[in-house]
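*Asks:* Hey, dropping structure.pdb in here, PDB, C-alpha atoms:
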ATOM      1  CA  MET A1479     -23.830 -11.675 -24.590
ATOM      2  CA  ASN A1480     -25.206 -10.192 -21.381
ATOM      3  CA  PHE A1481     -24.052 -11.102 -17.885
ATOM      4  CA  GLU A1482     -25.653 -10.605 -14.535
ATOM      5  CA  ILE A1483     -23.612 -11.268 -11.435
ATOM      6  CA  SER A1484     -25.481 -13.489  -8.996
ATOM      7  CA  ASN A1485     -26.459 -11.848  -5.719
ATOM      8  CA  ILE A1486     -24.557 -14.589  -3.862
ATOM      9  CA  CYS A1487     -21.325 -14.069  -5.829
ATOM     10  CA  SER A1488     -18.840 -12.197  -3.640
ATOM     11  CA  ALA A1489     -15.831 -12.358  -5.989
ATOM     12  CA  PHE A1490     -16.621  -8.948  -7.515
ATOM     13  CA  ALA A1491     -17.158  -7.175  -4.175
ATOM     14  CA  PRO A1492     -14.427  -4.671  -3.248
ATOM     15  CA  GLU A1493     -14.180  -6.061   0.302
ATOM     16  CA  GLY A1494     -14.557  -9.470   1.814
ATOM     17  CA  MET A1495     -12.969 -12.884   1.989
ATOM     18  CA  GLY A1496     -12.477 -15.573  -0.554
ATOM     19  CA  THR A1497     -11.485 -15.306  -4.173
ATOM     20  CA  ARG A1498     -11.708 -11.785  -5.569
ATOM     21  CA  VAL A1499     -11.760 -10.556  -9.157
ATOM     22  CA  THR A1500      -9.319  -7.638  -9.301
ATOM     23  CA  ASN A1501     -10.322  -6.303 -12.737
ATOM     24  CA  LYS A1502     -14.003  -6.882 -13.492
ATOM     25  CA  GLU A1503     -14.024  -5.563 -17.069
ATOM     26  CA  ALA A1504     -10.973  -7.575 -18.142
ATOM     27  CA  PHE A1505     -12.290 -10.700 -16.389
ATOM     28  CA  ILE A1506     -15.673 -10.422 -18.130
ATOM     29  CA  GLY A1507     -13.834 -10.018 -21.452
ATOM     30  CA  VAL A1508     -11.803 -13.198 -20.858
ATOM     31  CA  LEU A1509     -14.967 -15.009 -19.745
ATOM     32  CA  GLN A1510     -16.913 -13.890 -22.829
ATOM     33  CA  GLN A1511     -14.157 -15.205 -25.109
ATOM     34  CA  ALA A1512     -14.025 -18.511 -23.220
ATOM     35  CA  LEU A1513     -17.806 -18.848 -23.436
ATOM     36  CA  ALA A1514     -17.730 -18.227 -27.185
ATOM     37  CA  GLU A1515     -15.482 -21.299 -27.476
ATOM     38  CA  TYR A1516     -17.242 -23.381 -24.804
ATOM     39  CA  ASP A1517     -18.776 -26.754 -25.742
ATOM     40  CA  THR A1518     -22.082 -27.067 -23.877
ATOM     41  CA  SER A1519     -22.356 -30.763 -24.763
ATOM     42  CA  GLN A1520     -19.874 -31.434 -21.940
ATOM     43  CA  ASP A1521     -22.156 -29.943 -19.249
ATOM     44  CA  ARG A1522     -23.128 -32.350 -16.470
ATOM     45  CA  ILE A1523     -26.233 -30.269 -15.736
ATOM     46  CA  PRO A1524     -28.080 -28.529 -18.595
ATOM     47  CA  GLY A1525     -27.721 -24.763 -18.303
ATOM     48  CA  GLN A1526     -24.825 -24.933 -15.830
ATOM     49  CA  HIS A1527     -21.483 -24.348 -17.514
ATOM     50  CA  PHE A1528     -18.178 -24.986 -15.721
ATOM     51  CA  VAL A1529     -15.890 -22.841 -17.857
ATOM     52  CA  ARG A1530     -12.135 -23.207 -17.479
ATOM     53  CA  LEU A1531     -10.534 -19.883 -18.267
ATOM     54  CA  PRO A1532      -7.213 -19.313 -20.042
ATOM     55  CA  GLU A1533      -4.034 -18.421 -18.168
ATOM     56  CA  ALA A1534      -4.706 -14.715 -18.772
ATOM     57  CA  ALA A1535      -7.417 -14.928 -16.088
ATOM     58  CA  ILE A1536      -4.889 -15.778 -13.372
ATOM     59  CA  ALA A1537      -3.629 -12.189 -13.237
ATOM     60  CA  LEU A1538      -7.234 -10.973 -12.816
ATOM     61  CA  VAL A1539      -8.005 -12.777  -9.553
ATOM     62  CA  SER A1540      -6.731 -12.841  -5.992
ATOM     63  CA  CYS A1541      -6.972 -16.189  -4.209
ATOM     64  CA  GLY A1542      -8.976 -16.462  -1.025
ATOM     65  CA  VAL A1543      -6.297 -18.567   0.648
ATOM     66  CA  GLY A1544      -2.604 -18.290   1.383
ATOM     67  CA  LYS A1545       0.190 -19.961   3.291
ATOM     68  CA  ARG A1546      -0.336 -19.597   7.037
ATOM     69  CA  THR A1547       2.267 -17.713   9.032
ATOM     70  CA  ASP A1548       3.190 -17.384  12.705
ATOM     71  CA  ASP A1549       3.078 -13.564  12.575
ATOM     72  CA  PRO A1550      -0.085 -12.116  14.197
ATOM     73  CA  GLU A1551       0.337  -8.969  12.055
ATOM     74  CA  ASP A1552      -0.428 -11.063   8.955
ATOM     75  CA  TYR A1553      -4.032 -11.591  10.085
ATOM     76  CA  VAL A1554      -7.230  -9.577  10.357
ATOM     77  CA  ALA A1555     -10.322 -10.449  12.403
ATOM     78  CA  ARG A1556     -13.450 -10.762  10.248
ATOM     79  CA  GLU A1557     -16.973 -12.066  10.692
ATOM     80  CA  HIS A1558     -17.827 -14.888   8.313
ATOM     81  CA  ARG A1559     -21.134 -16.747   8.443
ATOM     82  CA  GLY A1560     -21.867 -15.444  11.909
ATOM     83  CA  VAL A1561     -18.506 -16.333  13.460
ATOM     84  CA  VAL A1562     -15.503 -14.057  14.004
ATOM     85  CA  GLY A1563     -12.244 -15.600  12.814
ATOM     86  CA  LEU A1564      -8.707 -14.682  11.837
ATOM     87  CA  PHE A1565      -7.922 -14.480   8.132
ATOM     88  CA  LEU A1566      -4.727 -13.739   6.218
ATOM     89  CA  ARG A1567      -4.375 -10.267   4.793
ATOM     90  CA  ARG A1568      -5.213 -10.037   1.078
ATOM     91  CA  GLU A1569      -1.623  -9.195   0.109
ATOM     92  CA  LEU A1570      -0.556 -12.640   1.394
ATOM     93  CA  ALA A1571      -2.984 -14.503  -0.849
ATOM     94  CA  ALA A1572      -1.568 -17.363  -2.896
ATOM     95  CA  ILE A1573      -1.215 -17.006  -6.643
ATOM     96  CA  ALA A1574      -3.887 -18.929  -8.522
ATOM     97  CA  GLU A1575      -2.834 -21.996 -10.492
ATOM     98  CA  SER A1576      -5.971 -21.984 -12.656
ATOM     99  CA  VAL A1577      -9.281 -20.141 -12.895
ATOM    100  CA  ALA A1578     -12.765 -21.394 -13.742
ATOM    101  CA  ALA A1579     -16.209 -19.834 -13.605
ATOM    102  CA  VAL A1580     -19.643 -21.359 -13.236
ATOM    103  CA  VAL A1581     -22.100 -19.722 -15.622
ATOM    104  CA  TYR A1582     -25.824 -20.398 -15.597
ATOM    105  CA  THR A1583     -28.053 -19.721 -18.585
ATOM    106  CA  ARG A1584     -31.704 -18.922 -18.575
TER     107      ARG A1584
END
What is this file in structure tokens?

*Replies:*
Amino acid sequence: MNFEISNICSAFAPEGMGTRVTNKEAFIGVLQQALAEYDTSQDRIPGQHFVRLPEAAIALVSCGVGKRTDDPEDYVAREHRGVVGLFLRRELAAIAESVAAVVYTR
């Protein structure tokens, strides 16, 4: 099974905001196993798979959100979609409760 990461997917980028995959190779391995067991008959759109990943995937991602604080040191200024805003530092990200991936086939 071959994967290509979409050019709009930012989760594998080393920097940036939003959800981030912290171990690409392990994540792809978990995703490949989940896809091998995935039932495509449940797809709402042909060729677009919403794959819920097992709990093992939780340790492989960093959430893109966290609990807000009142400490200015907990934030960094970043440009996002043309606007500068304040965002929590990555180390304050919440722990994921579940992980899913959208996979398109061609």

*Asks:* Selected by the PyMOL selection byres ((chain A and resi 1539) around 6) in the shown coordinates: which residues, as a list in words?

*Replies:*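 When the PyMOL selection byres ((chain A and resi 1539) around 6) is applied, the selected residues are Arg1498, Val1499, Thr1500, Ile1536, Ala1537, Leu1538 and Ser1540 of chain A.
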
*Asks:* Can you list, as a PDB file with C-alpha atoms, in the frame of the given file, every protein, DNA or RNA residue that comes within 8 Å of Val1577 in chain A when you count only C-alpha atoms, leaving out same-chain residues fewer than 6 positions away?

*Replies:*
ATOM      1  CA  ARG A1530     -12.135 -23.207 -17.479  1.00  0.00           C
ATOM      2  CA  LEU A1531     -10.534 -19.883 -18.267  1.00  0.00           C
ATOM      3  CA  PRO A1532      -7.213 -19.313 -20.042  1.00  0.00           C
ATOM      4  CA  GLU A1533      -4.034 -18.421 -18.168  1.00  0.00           C
ATOM      5  CA  ALA A1535      -7.417 -14.928 -16.088  1.00  0.00           C
ATOM      6  CA  ILE A1536      -4.889 -15.778 -13.372  1.00  0.00           C
TER       7      ILE A1536
END

*Asks:* Extending 8 Å beyond the listed atoms of range 1482-1490 of chain A on each side, what axis-aligned box results? I want centre and edge lengths in Å to one decimal, as AutoDock Vina command-line options.

*Replies:*
--center_x -21.1 --center_y -11.8 --center_z -9.1 --size_x 26.6 --size_y 21.6 --size_z 26.9

*Asks:* Please, which residues are within 6 Å of (-7.4, -10.9, 10.5) by the file's coordinates, counting all atoms listed in the file, and could they come as a PDB file with C-alpha atoms, in the coordinates of the input?

*Replies:*
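File selection_14.pdb, as written:
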ATOM      1  CA  TYR A1553      -4.032 -11.591  10.085  1.00  0.00           C
ATOM      2  CA  VAL A1554      -7.230  -9.577  10.357  1.00  0.00           C
ATOM      3  CA  ALA A1555     -10.322 -10.449  12.403  1.00  0.00           C
ATOM      4  CA  LEU A1564      -8.707 -14.682  11.837  1.00  0.00           C
ATOM      5  CA  PHE A1565      -7.922 -14.480   8.132  1.00  0.00           C
ATOM      6  CA  LEU A1566      -4.727 -13.739   6.218  1.00  0.00           C
TER       7      LEU A1566
END

*Asks:* Selection in question (the file shown): the PyMOL selection byres ((chain A and resi 1511) around 12). Which residues does it include, as an MDAnalysis selection string?

*Replies:* chainID A and resid 1479 1504:1510 1512:1516 1529:1532 1534:1535

*Asks:* Since I can't run it myself right now, could you work out what the PyMOL selection byres ((chain A and resi 1570) around 9) selects here and report it as a PDB file with C-alpha atoms, in the coordinates of the input?

*Replies:*
ATOM      1  CA  VAL A1543      -6.297 -18.567   0.648  1.00  0.00           C
ATOM      2  CA  GLY A1544      -2.604 -18.290   1.383  1.00  0.00           C
ATOM      3  CA  LYS A1545       0.190 -19.961   3.291  1.00  0.00           C
ATOM      4  CA  ARG A1546      -0.336 -19.597   7.037  1.00  0.00           C
ATOM      5  CA  ASP A1552      -0.428 -11.063   8.955  1.00  0.00           C
ATOM      6  CA  LEU A1566      -4.727 -13.739   6.218  1.00  0.00           C
ATOM      7  CA  ARG A1567      -4.375 -10.267   4.793  1.00  0.00           C
ATOM      8  CA  ARG A1568      -5.213 -10.037   1.078  1.00  0.00           C
ATOM      9  CA  GLU A1569      -1.623  -9.195   0.109  1.00  0.00           C
ATOM     10  CA  ALA A1571      -2.984 -14.503  -0.849  1.00  0.00           C
ATOM     11  CA  ALA A1572      -1.568 -17.363  -2.896  1.00  0.00           C
TER      12      ALA A1572
END
